[in-house]
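Here's the structure, in structure tokens; my notes come after.
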Amino acid sequence: MEPKAPTPLPTPAAATSSTPDTPFQALVDRFVDLESTFADTRKLSQPQIVPEPVDYLTFPPAPSTSPFKLLPLLEFLSARIAPTLEDLRTHDLSPSPFLTLVVGSPAHPLAGRALHSHLVGCYTNSDTRYHFTLFVPVGPDHCFSVPLEWAPLLVALRATISLYPSLPFLVCTPDYTLGTFASVDDLNACFPRPATLHAFSSPSSLARPDILLRLPPAANFAGQASDNRPDFVSHTPAAAMAALLAKRTELHQLFPSSRETVEAGSVDADLHFALYCTPYYGYTPQSEADFVAMTVTLADFLVYTCFTTDCAPNAALSNLSVRPGDLLTILSTIHSTFLSVSPGDGIFILPLTTSKAALRPFPVAWL
């Protein structure tokens, strides 16, 4: 017998009191048999699945259908970063430049002070590597209209890595002012383990979402090419958007088989339990592009579900608090190869080696 096609999830335009615009709740209702699951408290780590083929589940909306548009942000960043990179290539600077993105509301009381501190840091940096700073305004009347708390993560993942995967960068909010300049060499010494993103823990969050660091492998930016380094990679906004959507479509073909590989009662089942009601249960990214596509889709889906288009919390989910730090905590636990979390609140202690001790008495870099 042919499996029946599932009832499509309600769209914002079709939402009514009987079919609310809560696609995640509808997905749970159709995917997990809650009554059977909670009937046996000893098996809560093994939710009972409703009798519907996984292949026919409706998955979260793609970024192209989300009301929080990505392309304006990509175009905003490309229009400001691309000319700077093109100009730098004419100066025969071999190391890749370093970018600091201050992401937040222009009305933030510390926006001016934070931006000024990072600009001073750019002016006083080492001559061997160019540093530049860009303020990304967030809000309904600016280039990126998303909830403020989610903006740094979405800017880091959806824009910077998608547009310039070879560019080292720091994404932070206006709450962070630059105290002591840290060179890229110092940062690499602090974080020697490669990862797509470096996040940091704090008393309020295991993986805080307001300061994110990316240190990709060294690339041939300009000047004399090195055989053991890849070339510097950059993409246009249209190409970055197309690649993100293509990768997401490709990954969706793997979801049913990934779910089937999870053995009930195993350590993997416990680790992936937080993603049970998502297509990524049991899925392991095979590349950085896979990880970025997965994280973008999950973040986009949570924002799409829990907030309105004017960035206000969804009234239908008033009892649900969804924070980007919660998502980062889950992903850093399951996929630590791609998302590394270090203790600290923006204060980095360099390894005290003989060479470092000769350069400074207190080998500390504070961002």
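Scheme for the structure tokens: letters A, B, ... for chains in order shown; per-chain residue numbers from 1; ligand numbers from 1 in order shown.
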
* Using only C-alpha atoms, which residues sit within 6 Å of Val171 in chain A once same-chain residues fewer than 3 positions away are excluded, as a list in words? ->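 My list of contacting residues is Leu101, Ile211 and Leu212 of chain A.
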
Kindly save the residues from that selection, with N, CA and C atoms included, as a PDB file, in the first residue's frame.
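Output contents, as saved in out_39.pdb:
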ATOM      1  N   LEU A 101      33.566  41.918  13.387  1.00  0.00           N
ATOM      2  CA  LEU A 101      32.184  42.324  13.126  1.00  0.00           C
ATOM      3  C   LEU A 101      31.494  42.609  14.454  1.00  0.00           C
ATOM      4  N   ILE A 211      29.812  36.101  21.395  1.00  0.00           N
ATOM      5  CA  ILE A 211      31.207  36.284  20.963  1.00  0.00           C
ATOM      6  C   ILE A 211      31.654  34.972  20.312  1.00  0.00           C
ATOM      7  N   LEU A 212      31.960  35.040  19.021  1.00  0.00           N
ATOM      8  CA  LEU A 212      32.303  33.865  18.223  1.00  0.00           C
ATOM      9  C   LEU A 212      33.565  34.163  17.431  1.00  0.00           C
TER      10      LEU A 212
END

* Give the strand (DSSP E or B) residues of range 114-261 of chain A, as DSSP finds them on the backbone, and put them as a ChimeraX atom specification. => /A:131-138,144,169-172,180,197-202,205-214,220,231

If you keep C-alpha atoms, can you produce a file of those selected residues as an mmCIF file, in the first residue's frame?
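What ended up in part.cif:
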data_model
loop_
_atom_site.group_PDB
_atom_site.id
_atom_site.type_symbol
_atom_site.label_atom_id
_atom_site.label_comp_id
_atom_site.auth_asym_id
_atom_site.auth_seq_id
_atom_site.Cartn_x
_atom_site.Cartn_y
_atom_site.Cartn_z
ATOM 1 C CA HIS A 131 42.770 44.241 10.525
ATOM 2 C CA PHE A 132 39.485 45.944 9.754
ATOM 3 C CA THR A 133 36.185 46.403 11.598
ATOM 4 C CA LEU A 134 32.579 46.570 10.418
ATOM 5 C CA PHE A 135 29.435 47.399 12.357
ATOM 6 C CA VAL A 136 26.396 45.304 11.338
ATOM 7 C CA PRO A 137 23.155 47.108 12.304
ATOM 8 C CA VAL A 138 20.366 44.774 13.402
ATOM 9 C CA PHE A 144 19.284 42.291 9.135
ATOM 10 C CA PHE A 169 37.081 36.888 12.028
ATOM 11 C CA LEU A 170 35.614 37.788 15.390
ATOM 12 C CA VAL A 171 31.875 38.381 15.805
ATOM 13 C CA CYS A 172 30.806 40.130 18.988
ATOM 14 C CA THR A 180 44.318 44.637 24.707
ATOM 15 C CA LEU A 197 33.808 28.199 15.232
ATOM 16 C CA HIS A 198 35.183 28.850 18.697
ATOM 17 C CA ALA A 199 32.619 29.789 21.335
ATOM 18 C CA PHE A 200 33.083 30.574 25.028
ATOM 19 C CA SER A 201 31.390 29.577 28.253
ATOM 20 C CA SER A 202 30.262 31.881 31.027
ATOM 21 C CA SER A 205 25.618 29.938 29.441
ATOM 22 C CA LEU A 206 27.692 26.870 28.648
ATOM 23 C CA ALA A 207 28.167 28.236 25.133
ATOM 24 C CA ARG A 208 27.432 31.946 24.961
ATOM 25 C CA PRO A 209 26.285 33.220 21.560
ATOM 26 C CA ASP A 210 27.499 36.823 21.719
ATOM 27 C CA ILE A 211 31.207 36.284 20.963
ATOM 28 C CA LEU A 212 32.303 33.865 18.223
ATOM 29 C CA LEU A 213 35.779 33.413 16.802
ATOM 30 C CA ARG A 214 36.827 31.792 13.534
ATOM 31 C CA ASN A 220 47.287 32.273 0.108
ATOM 32 C CA ASP A 231 44.060 29.694 -2.019
#

* Asked: Pick from A:Asp270, A:Pro147, A:Arg193, A:Gly179: nearest to Val120 in chain A, with only C-alpha atoms counted?
  ->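 Closest residue, counting only C-alpha atoms: A:Gly179.
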
* **Selection: 7 Å around His118 in chain A, only C-alpha atoms, excl. self and same-chain fewer than 2 positions, as a PyMOL selection string** => chain A and resi 114-116+120-122+133+177-178

* Contacts of Ala79 in chain A at 10 Å or less, counting only C-alpha atoms, minus same-chain residues fewer than 5 places along, as an NGL selection string? -> :A and (73-74 or 84 or 236-237)

* Asked: Which polymer residues have any atom within 12 Å of an atom of Asp268 in chain A, counting only C-alpha atoms, with same-chain residues fewer than 6 positions away left out, as a ChimeraX atom specification?
  -> /A:45-46,258-262,274-276,281-284,333-335

* Name the closest residue to Ala312 in chain A among the candidates A:Ala111, A:Ala222, A:Leu148, A:Ala156; distances are taken between atoms, counting only C-alpha atoms. =>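 Closest to Ala312 in chain A of all the choices is A:Leu148.
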
* Please identify all polymer residues within 10 Å of Pro194 in chain A, counting only C-alpha atoms, omitting same-chain residues fewer than 2 positions from it, and present them as a PyMOL selection string. => chain A and resi 188+191-192+196-198+214-217+337-340

* **Which residue of A:Pro279, A:Val103, A:Ser166, A:Thr295 approaches Pro230 in chain A most closely, using only C-alpha atoms** =>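 Ranked by minimum distance to Pro230 in chain A, first place goes to A:Ser166.
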